[in-house]
file my_file.cif (mmCIF, C-alpha atoms)
data_final
#
loop_
_atom_site.label_atom_id
_atom_site.label_comp_id
_atom_site.auth_asym_id
_atom_site.auth_seq_id
_atom_site.Cartn_x
_atom_site.Cartn_y
_atom_site.Cartn_z
CA MET A 1 88.16 78.15 88.19
CA PRO A 2 89.90 80.90 86.21
CA GLU A 3 93.24 80.15 84.62
CA ILE A 4 96.59 81.92 84.59
CA ASP A 5 97.27 83.89 81.40
CA TYR A 6 100.94 83.51 80.52
CA ARG A 7 100.65 86.40 78.04
CA ASP A 8 99.54 88.76 80.81
CA PRO A 9 102.41 91.10 81.72
CA ARG A 10 101.64 90.89 85.45
CA PRO A 11 103.72 88.48 87.52
CA ILE A 12 102.18 85.02 87.93
CA TYR A 13 101.85 85.39 91.72
CA GLU A 14 99.82 88.61 91.24
CA GLN A 15 97.54 86.89 88.74
CA LEU A 16 97.02 83.97 91.13
CA ALA A 17 96.29 86.36 94.01
CA GLY A 18 93.79 88.09 91.71
CA VAL A 19 92.08 84.77 90.97
CA PHE A 20 91.59 84.13 94.68
CA GLU A 21 90.58 87.75 95.37
CA SER A 22 87.82 87.39 92.77
CA LEU A 23 86.65 84.10 94.28
CA ILE A 24 86.57 85.64 97.76
CA LEU A 25 84.87 88.87 96.67
CA SER A 26 82.24 86.96 94.70
CA GLY A 27 81.48 84.77 97.71
CA ALA A 28 82.63 81.56 96.00
CA LEU A 29 85.10 81.20 98.88
CA GLU A 30 83.22 82.04 102.07
CA LYS A 31 84.45 83.73 105.23
CA GLY A 32 86.21 81.25 107.50
CA SER A 33 86.54 78.57 104.84
CA GLN A 34 89.91 76.93 104.42
CA MET A 35 91.94 77.86 101.36
CA PRO A 36 93.38 75.07 99.23
CA SER A 37 96.88 74.12 100.31
CA VAL A 38 99.94 75.59 98.64
CA ARG A 39 100.81 72.14 97.29
CA ASP A 40 97.32 71.51 95.86
CA THR A 41 97.17 74.99 94.33
CA ALA A 42 100.64 74.58 92.80
CA ALA A 43 99.57 71.27 91.25
CA ARG A 44 96.21 72.68 90.05
CA PHE A 45 97.86 75.60 88.25
CA SER A 46 101.15 73.84 87.37
CA LEU A 47 103.13 76.40 89.33
CA ASN A 48 106.12 76.38 91.62
CA PRO A 49 104.97 76.21 95.27
CA ASN A 50 107.10 79.31 96.00
CA THR A 51 104.98 81.27 93.49
CA VAL A 52 101.81 80.09 95.22
CA GLN A 53 103.23 80.98 98.63
CA LYS A 54 104.05 84.48 97.35
CA ALA A 55 100.46 84.85 96.11
CA PHE A 56 99.09 83.68 99.47
CA SER A 57 101.41 86.12 101.27
CA LYS A 58 100.01 88.93 99.13
CA LEU A 59 96.45 87.84 99.93
CA GLU A 60 97.29 87.83 103.62
CA GLU A 61 98.97 91.24 103.38
CA ASP A 62 95.88 92.62 101.61
CA GLY A 63 93.56 91.22 104.29
CA PHE A 64 91.82 88.55 102.22
CA ILE A 65 93.14 85.54 104.14
CA TYR A 66 94.83 84.74 107.43
CA ALA A 67 97.21 81.93 108.31
CA VAL A 68 96.84 79.51 111.21
CA LYS A 69 100.19 77.97 112.01
CA GLY A 70 100.20 74.28 111.20
CA ARG A 71 96.62 74.33 109.87
CA GLY A 72 96.65 76.40 106.69
CA ASN A 73 95.11 79.58 105.33
CA TYR A 74 91.53 80.74 105.82
CA VAL A 75 89.31 83.35 104.21
CA ALA A 76 89.24 86.47 106.38
CA GLU A 77 86.29 88.23 107.96
CA LYS A 78 83.93 90.06 105.67
CA GLU A 79 84.49 93.66 106.85
CA PRO A 80 88.01 94.21 105.41
CA ILE A 81 86.93 92.43 102.24
CA LEU A 82 83.83 94.61 101.97
CA LEU A 83 85.97 97.73 102.39
CA LYS A 84 88.29 96.47 99.64
CA LYS A 85 85.27 95.82 97.40
CA GLN A 86 83.98 99.32 98.06
CA ASP A 87 87.40 100.83 97.25
CA LEU A 88 87.47 98.89 93.97
CA PHE A 89 83.95 100.04 93.14
CA LEU A 90 84.76 103.68 93.87
CA SER A 91 87.87 103.45 91.71
CA GLU A 92 85.79 102.13 88.80
CA PHE A 93 83.10 104.73 89.50
CA ARG A 94 85.65 107.52 89.26
CA LYS A 95 86.85 106.11 85.92
CA THR A 96 83.25 106.06 84.70
CA VAL A 97 82.72 109.67 85.79
CA SER A 98 85.94 110.68 84.01
CA LYS A 99 84.72 108.95 80.86
CA GLY A 100 81.41 110.80 81.17
CA LYS A 101 83.29 114.10 81.45
CA GLU A 102 85.26 113.21 78.32
CA LEU A 103 81.92 112.64 76.58
CA MET A 104 80.80 116.08 77.84
CA ILE A 105 77.98 114.72 79.98
CA SER A 106 77.06 117.47 82.43
CA GLU A 107 77.46 117.02 86.16
CA GLU A 108 73.73 117.56 86.55
CA ARG A 109 72.89 114.81 84.07
CA MET A 110 75.29 112.38 85.79
CA GLU A 111 73.81 113.25 89.20
CA LYS A 112 70.30 112.74 87.83
CA ALA A 113 71.27 109.32 86.44
CA LEU A 114 72.86 108.35 89.78
CA HIS A 115 69.80 109.41 91.77
CA GLU A 116 67.46 107.61 89.38
CA GLU A 117 69.52 104.44 89.69
CA PHE A 118 69.23 104.60 93.49
CA LYS A 119 65.46 105.03 93.18
CA GLY A 120 65.03 101.91 91.08
CA GLY A 121 66.87 102.09 87.82
CA LYS A 122 64.82 104.52 85.72
CA LYS A 123 66.45 105.10 82.32
CA ASP A 124 67.83 108.51 81.36
CA ASN A 125 66.20 109.37 78.05
CA ASP A 126 67.55 112.87 77.47
#
call {"tool": "encode", "arguments": {"input": "my_file.cif", "output": "structure tokens"}}
result
Amino acid sequence: MPEIDYRDPRPIYEQLAGVFESLILSGALEKGSQMPSVRDTAARFSLNPNTVQKAFSKLEEDGFIYAVKGRGNYVAEKEPILLKKQDLFLSEFRKTVSKGKELMISEERMEKALHEEFKGGKKDND
């Protein structure tokens, strides 16, 4: 399991939420599976339980998990997670297109590369 980076400028709860987001998006934590308890997570990462609870609240707010009173937290349905994954992908895609524009790659050449990739990954040799 990934670790918390204490040199990272992001708050610890955001880092922890990011760890669990990655595990959920990768499928390592499956839909409907129970999340580790706040207490177990706090012990695993040597964190204050309030920090873990804040991370879990963020995950719930972002649609990654849902709480069942008295039973714990569970990984949410796939559809909101898939939409989040798609949003993240499109954000990275836009950054890649911007980088291509900085490198003066024409729109036509980028479109050609995109279409070729959809057709099976032919390499652009021009």
call {"tool": "resolve_selection", "arguments": {"input": "my_file.cif", "expression": "the PyMOL selection byres ((chain A and resi 31-37) around 7)", "output": "PyMOL selection string"}}
result
chain A and resi 29-30+38-41+72-78
call {"tool": "write_last_selection", "arguments": {"input": "my_file.cif", "atoms": "C-alpha atoms", "output": "PDB file, in the frame of the given file"}}
result
ATOM      1  CA  LEU A  29      85.100  81.200  98.880  1.00  0.00           C
ATOM      2  CA  GLU A  30      83.220  82.040 102.070  1.00  0.00           C
ATOM      3  CA  VAL A  38      99.940  75.590  98.640  1.00  0.00           C
ATOM      4  CA  ARG A  39     100.810  72.140  97.290  1.00  0.00           C
ATOM      5  CA  ASP A  40      97.320  71.510  95.860  1.00  0.00           C
ATOM      6  CA  THR A  41      97.170  74.990  94.330  1.00  0.00           C
ATOM      7  CA  GLY A  72      96.650  76.400 106.690  1.00  0.00           C
ATOM      8  CA  ASN A  73      95.110  79.580 105.330  1.00  0.00           C
ATOM      9  CA  TYR A  74      91.530  80.740 105.820  1.00  0.00           C
ATOM     10  CA  VAL A  75      89.310  83.350 104.210  1.00  0.00           C
ATOM     11  CA  ALA A  76      89.240  86.470 106.380  1.00  0.00           C
ATOM     12  CA  GLU A  77      86.290  88.230 107.960  1.00  0.00           C
ATOM     13  CA  LYS A  78      83.930  90.060 105.670  1.00  0.00           C
TER      14      LYS A  78
END
call {"tool": "closest_residue", "arguments": {"input": "my_file.cif", "among": "A:Glu60, A:Lys84, A:Arg7, A:Leu103", "to": "Ser22 (chain A)", "atoms": "only C-alpha atoms"}}
result
A:Lys84
call {"tool": "atom_distance", "arguments": {"input": "my_file.cif", "atom1": "CA of Glu61 (chain A)", "atom2": "CA of Ala17 (chain A)"}}
result
10.9 Å
call {"tool": "residues_around", "arguments": {"input": "my_file.cif", "residues": "Lys101 (chain A)", "least_positions_apart": "6", "cutoff": "10 Å", "atoms": "only C-alpha atoms", "output": "PyMOL selection string"}}
result
chain A and resi 95+107+110
call {"tool": "resolve_selection", "arguments": {"input": "my_file.cif", "expression": "the PyMOL selection byres ((chain A and resi 55) around 12)", "output": "ChimeraX atom specification"}}
result
/A:11-21,38,41-42,47-54,56-62,64-65,73
call {"tool": "closest_residue", "arguments": {"input": "my_file.cif", "among": "A:Ile4, A:Glu111, A:Asp87, A:Arg94", "to": "Arg44 (chain A)", "atoms": "only C-alpha atoms"}}
result
A:Ile4
call {"tool": "closest_residue", "arguments": {"input": "my_file.cif", "among": "A:Gly63, A:Val68, A:Lys119, A:Ser98", "to": "Leu83 (chain A)", "atoms": "all atoms listed in the file"}}
result
A:Gly63
call {"tool": "atom_distance", "arguments": {"input": "my_file.cif", "atom1": "CA of Glu92 (chain A)", "atom2": "CA of Glu117 (chain A)"}}
result
16.5 Å
call {"tool": "atom_distance", "arguments": {"input": "my_file.cif", "atom1": "CA of Leu114 (chain A)", "atom2": "CA of Gly100 (chain A)"}}
result
12.4 Å
call {"tool": "build_atoms", "arguments": {"input": "my_file.cif", "residues": "region 87-99 of chain A", "atoms": "N, CA, C and O atoms", "output": "compact mmCIF listing (two decimals), in the coordinates of the input"}}
result
# COMPACT_ATOMS: atom_id res chain seq x y z
N ASP A 87 86.31 100.05 97.84
CA ASP A 87 87.40 100.83 97.25
C ASP A 87 87.52 100.54 95.75
O ASP A 87 87.71 101.45 94.95
N LEU A 88 87.41 99.26 95.38
CA LEU A 88 87.47 98.89 93.97
C LEU A 88 86.31 99.51 93.20
O LEU A 88 86.49 100.02 92.09
N PHE A 89 85.13 99.45 93.79
CA PHE A 89 83.95 100.04 93.14
C PHE A 89 84.15 101.53 92.94
O PHE A 89 83.90 102.06 91.85
N LEU A 90 84.59 102.23 93.98
CA LEU A 90 84.76 103.68 93.87
C LEU A 90 85.82 104.04 92.84
O LEU A 90 85.69 105.05 92.13
N SER A 91 86.84 103.23 92.73
CA SER A 91 87.87 103.45 91.71
C SER A 91 87.26 103.35 90.31
O SER A 91 87.49 104.20 89.44
N GLU A 92 86.46 102.30 90.09
CA GLU A 92 85.79 102.13 88.80
C GLU A 92 84.76 103.24 88.56
O GLU A 92 84.62 103.72 87.44
N PHE A 93 84.08 103.65 89.61
CA PHE A 93 83.10 104.73 89.50
C PHE A 93 83.77 106.01 89.05
O PHE A 93 83.28 106.71 88.16
N ARG A 94 84.91 106.31 89.65
CA ARG A 94 85.65 107.52 89.26
C ARG A 94 86.08 107.46 87.79
O ARG A 94 86.03 108.46 87.08
N LYS A 95 86.49 106.27 87.34
CA LYS A 95 86.85 106.11 85.92
C LYS A 95 85.64 106.36 85.04
O LYS A 95 85.75 106.99 83.98
N THR A 96 84.48 105.87 85.47
CA THR A 96 83.25 106.06 84.70
C THR A 96 82.88 107.54 84.64
O THR A 96 82.50 108.05 83.58
N VAL A 97 83.02 108.24 85.76
CA VAL A 97 82.72 109.67 85.79
C VAL A 97 83.69 110.42 84.87
O VAL A 97 83.28 111.29 84.10
N SER A 98 84.96 110.04 84.90
CA SER A 98 85.94 110.68 84.01
C SER A 98 85.57 110.46 82.55
O SER A 98 85.67 111.38 81.72
N LYS A 99 85.14 109.26 82.23
CA LYS A 99 84.72 108.95 80.86
C LYS A 99 83.50 109.80 80.48
O LYS A 99 83.42 110.33 79.37
